[in-house]
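Engineer: First, the structure itself, so that you have it in front of you.
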Amino acid sequence: MMKIKKQGAAALLFLFTLSPLTMSAQEQKKLFTLEDLNSGGTNFHNLRPKYMFLEWWGDKLIQTDVEACYLINEKTGKKTTLFTLDDINQWARKGASAVASEDYQVRHLQSATFPYPDKPIVAVGNRKAFLLIDFKKKETIWQDSLSGQQANDWCPASRATAYVDNEQLFVVDADGHKQQLTTDGSRNIVYGQSVHRDEFGITKGTFWSPDGQRLAFYRMDQSMVTDYPQVNIDPRVAELEPDKYPMAGMTSHEVTVGIYDLQTKKTIYLNTKAPSQAAGEYSPVYFTNIAFAPDSKTIYLFELNRDQNDCRLVSYNAETGERIAELYRETNPKYVEPQHPILFLPWDDTQFVMQSQKDGYNHLYIYNVKGELVKQLTSGAWVVLDVLGFDKKHQAVVITSNEKHPLQRNLYAVDVKTGKRTLLDNGEGVHRAMLSDSGCRLYDKYSTPTIPNTINMVSLSSKLSPVTTNLLQAPDPWADFVVPQYECGSLKAADGKTDLYWRMVKPADFTPEKKYPTVVYVYGGPHAHNIEAYWHWLSRPWETYMAQKGYIVFVLDNRGSEYRGLDFEQATFRQLGQIEMQDQMEGVKFLKSLPYVDADRLGVHGWSFGGFMTISLMLNYPDVFKVGVAGGPVIDWKWYEVMYGERYMDTPEQNPEGYAKTSLIGKAGNLKGKLQIIIGYNDPTVVPQHALSFLKACAEAGTQPDFFAYPGEGHNMRGHNSVHLHERITQYFEDYLK
């Protein structure tokens with residue numbers, strides 16, 4: 001168990017500083033530039049911790065490198081060459097379906113996969129072709145030319161591909177026969193793509209059945225949704241390129257789920273119109289977490305009402321689309337947020353694992369196909385972060401959780417029969433892993449505050465005890481640079497009882513006798529966290545850059561952020577920004593207690609929800625923060641999108657007091673310090689209306705914020721524009737805080 005530094009206490013989890021250096025040794029060390037630290041920088045890739053690209057071929061681990069794929073010995077970790085890039089490009093020309101054109105040559109093997117655990121077949125390709133190559137027979141056995149198509153979704157079981165072309169949904173079977181599933185696709189009628197604005201765990205719009213003979217897909221009618229008038233300034237005369245953007249309380253899109261049958265070549269749609277309930281009419285609006293039964297004959301999805309406080313797991317006949325049964329219902333006075341599809345036990349087709357926060361923390365439950373609770377598999381004041389899959393041999397679920405500590409991510413095997421949890425890693429840091437086909441092996445990539453990256457292969461014995469083989473111990477890529485000091489600790493929230501965790505980055509030559517300008521970096525919103533027991537405490541590279549320039553940077557995860565349980569997350573319901581500000585001000589109180597923090601030179605910076613928090617803090621505490629930089633800020637939640645906005649705030653009609661309290665428009669006159677607002681001028685997430693409306697309010701109130709926009713950019717700056725952005729942010733603090 002980790003010990004965290006409490007406010008005013010002496011215990012410290014980790015403090016890493018430079019070792020004492022002579023002046024000459026210091027001078028030999030390099031200083032960072034943003035080209036080194038920023039992801040868009042020219043030298044960024046050279047300063048990332050060493051990494052390995054790994055894939056499972058059944059239970060055999062393969063390293064996929066640029067020039068070759070290597071088979072890794074599970075006992076020794078030694079590598080032997082499986083095949084090279086030259087081999088692949090020679091074999092690609094052999095066989096009845098061989099590719100003739102040089103344009104179809106494979107450029108590297110880092111994205112190679114092994115889709116069949118019991119066959120010597122590798123899947124490779126580029127933007128023009130996708131190939132299956134038998135590396136024993138040394139020839140291409142199958143290919144398609146759909147790699148560059150939109151929403152491309154290839155199914156290993158049937159070798160059929162679903163894709164979107166010119167707004168229409170198509171399926172091509174293994175023999176190359178193409179079937180057009182839709183004819184009315186357009187920007188108003190969207191097929192086979194992510195819906196509900198990527199909320200509820202949705203990341204795509206097509207879903208293959210286990211046997212590969214049925215394709216479930218989303219159809220989204222957004223013809224009734226208001227257009228937001230984005231502008232493309234590149235043509236001689238600027239052109240409108242509107243986004244469909246449903247704002248909170250306004251008309252949203254309508255989604256249905258179709259199923260295409262490869263055998264019958266027919267499409268049916270699920271009859272999702274819910275029957276009348278004893279407690280009143282239930283109208284599902286959001287459909288998410290689609291899953292098929294192992295026999296591909298039944299499809300399951302979570303259905304959620306628009307208020308997002310009534311969630312139901314419903315089964316449908318995949319052949320007819322008719323509703324079979326409601327298996328589970330969960331309600332909450334605030335909100336229910338389904339994020340994960342059900343997972344059937346590989347050894348029992350009648351039972352599945354479901355994730356829910358209904359006991360206050362995200363845990364696993366076993367249900368049967370009748371909707372009967374078999375058992376709660378995990379419990380406690382901690383969160384199941386992810387289900388990696390199943391160890392089929394030992395009948396266990398393999399998970400990651402923060403049971404060890406809220407800042408950690410550790411691996412466990414959970415025995416389905418007994419519920420016993422077995423730790424599969426070293427109990428430290430942050431672990432991310434991928435299971436082999438049978439689940440009896442995994443590769444574990446982990447980091448701690450002082451370890452950049454370590455990769456182990458783990459084999460599970462008959463008693464689920466792990467046997468570990470080290471594959472990589474990455475050296476410190478920053479060893480030749482002057483590195484700041486990174487600290488982590490905790491303090492109490494504004495409620496006086498809840499632990500909040502913080503990170504502090506100090507200059508490498510920090511001395512407590514000096515006073516430093518200090519910047520509070522903030523996000524603060526749902527589904528995010530800033531502090532983790534990862535390398536440098538998950539510190540952003542920009543924090544390192546600021547510390548190098550003589551600043552202290554302080555980051556606090558307030559209530560409302562993720563992975564701390566339902567009460568912690570829902571504390572901000574209907575009043576976004578209010579509880580968060582109270583907690584952030586406890587962080588400020590802590591900073592002011594430190595003799596080396598210059599309380600007259602406090603700054604604040606954040607992006608998106610953090611931009612909202614930045615301006616909120618500057619307007620509500622105008623005498624505390626001297627300088628702020630707010631990126632992509634929400635200004636008034638009535639201009640934000642339906643799913644996210646209504647989950648946390650309800651509609652403007654239902655919660656007028658909350659919307660009025662959290663809006664920054666009426667507080668524009670409170671601005672005292674220097675504030676710079678930065679946006680992507682074509683932001684489809686936090687539309688420009690937010691920032692522009694605030695600028696208008698400031699002009700009317702007589703306050704003077706600064707403003708910068710990146711034309712053509714969205715919610716985040718891409719490529720080298722990110723370097724430019726962080727230069728601008730840094731310079732603003734240099735000009736007005738230092």
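Going by the structure tokens order, chains are called A, B, ..., each with residues numbered from 1, while ligands are numbered from 1 in the order shown.
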Out of range 495-643 of chain A, which residues get helix (DSSP H, G or I) from DSSP, as a PyMOL selection string?
Structural biologist: chain A and resi 535-538+541-548+566-570+578-592+609-620+637-639+642-643
Engineer: If you run DSSP on the backbone here, which positions in range 382-423 of chain A get strand (DSSP E)? Please write them as an MDAnalysis selection string.
Structural biologist: chainID A and resid 384:391 396:401 410:415 421:423
Engineer: Kindly indicate which residue among A:Ile141, A:Tyr710, A:Ala668, A:Tyr644 lies nearest to Gly631 in chain A, using only C-alpha atoms for the distances.
Structural biologist: A:Tyr710
Engineer: Mind checking which residues fall within 6 Å of range 595-605 of chain A, counting only C-alpha atoms, ignoring those fewer than 6 positions away in the same chain, and posting them as a ChimeraX atom specification?
Structural biologist: /A:512,514-521,614,625-630,737
Engineer: For Val353 in chain A, which residue out of A:Glu372, A:Glu657, A:Asp683, A:Asp437 is the nearest one, using only C-alpha atoms?
Structural biologist: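 Ranked by minimum distance to Val353 in chain A, first place goes to A:Glu372.
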Engineer: Quick one: residues within 8 Å of Asp476 in chain A, only C-alpha atoms, excluding same-chain residues fewer than 6 positions away - as an MDAnalysis selection string?
Structural biologist: chainID A and resid 49 451:452
Engineer: Set the distance at 10 Å and use only C-alpha atoms: which residues neighbour Ile366 in chain A once local chain neighbours fewer than 4 positions away are removed? I'd like the list as a count of residues only.
Structural biologist: 18
Engineer: What's the 10 Å shell around Thr422 in chain A, counting only C-alpha atoms, without same-chain residues fewer than 2 positions away, as a ChimeraX atom specification?
Structural biologist: /A:396,398,411-415,419-420,424-425,463-466
Engineer: For the atom pair CA of Met649 in chain A and CA of Ile635 in chain A, what is the interatomic distance in Å to one decimal place?
Structural biologist: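 CA of Ile635 in chain A lies at a distance of 13.9 Å from CA of Met649 in chain A.
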Engineer: Residues at most 12 Å from Thr288 in chain A, counting only C-alpha atoms, excluding those fewer than 2 positions away in the same chain, as a PyMOL selection string?
Structural biologist: chain A and resi 194-207+216-218+255-257+284-286+290-291+299-305+311-314+337-342
Engineer: Considering only C-alpha atoms, state which residue in the set A:Tyr681, A:Phe53, A:Trp142, A:Trp639 is at the smallest distance from Ala174 in chain A.
Structural biologist: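 Closest to Ala174 in chain A of all the choices is A:Trp142.
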Engineer: Of the candidates A:Met546, A:Val171, A:Val588, A:Ala318, which shows the shortest atom-to-atom distance to Val505 in chain A, using only C-alpha atoms?
Structural biologist: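 The shortest atom-to-atom distance to Val505 in chain A comes from A:Met546.
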Engineer: In Å, how far is it from CA of Asp307 in chain A to CA of Lys370 in chain A?
Structural biologist: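 Going from CA of Asp307 in chain A over to CA of Lys370 in chain A covers 27.0 Å.
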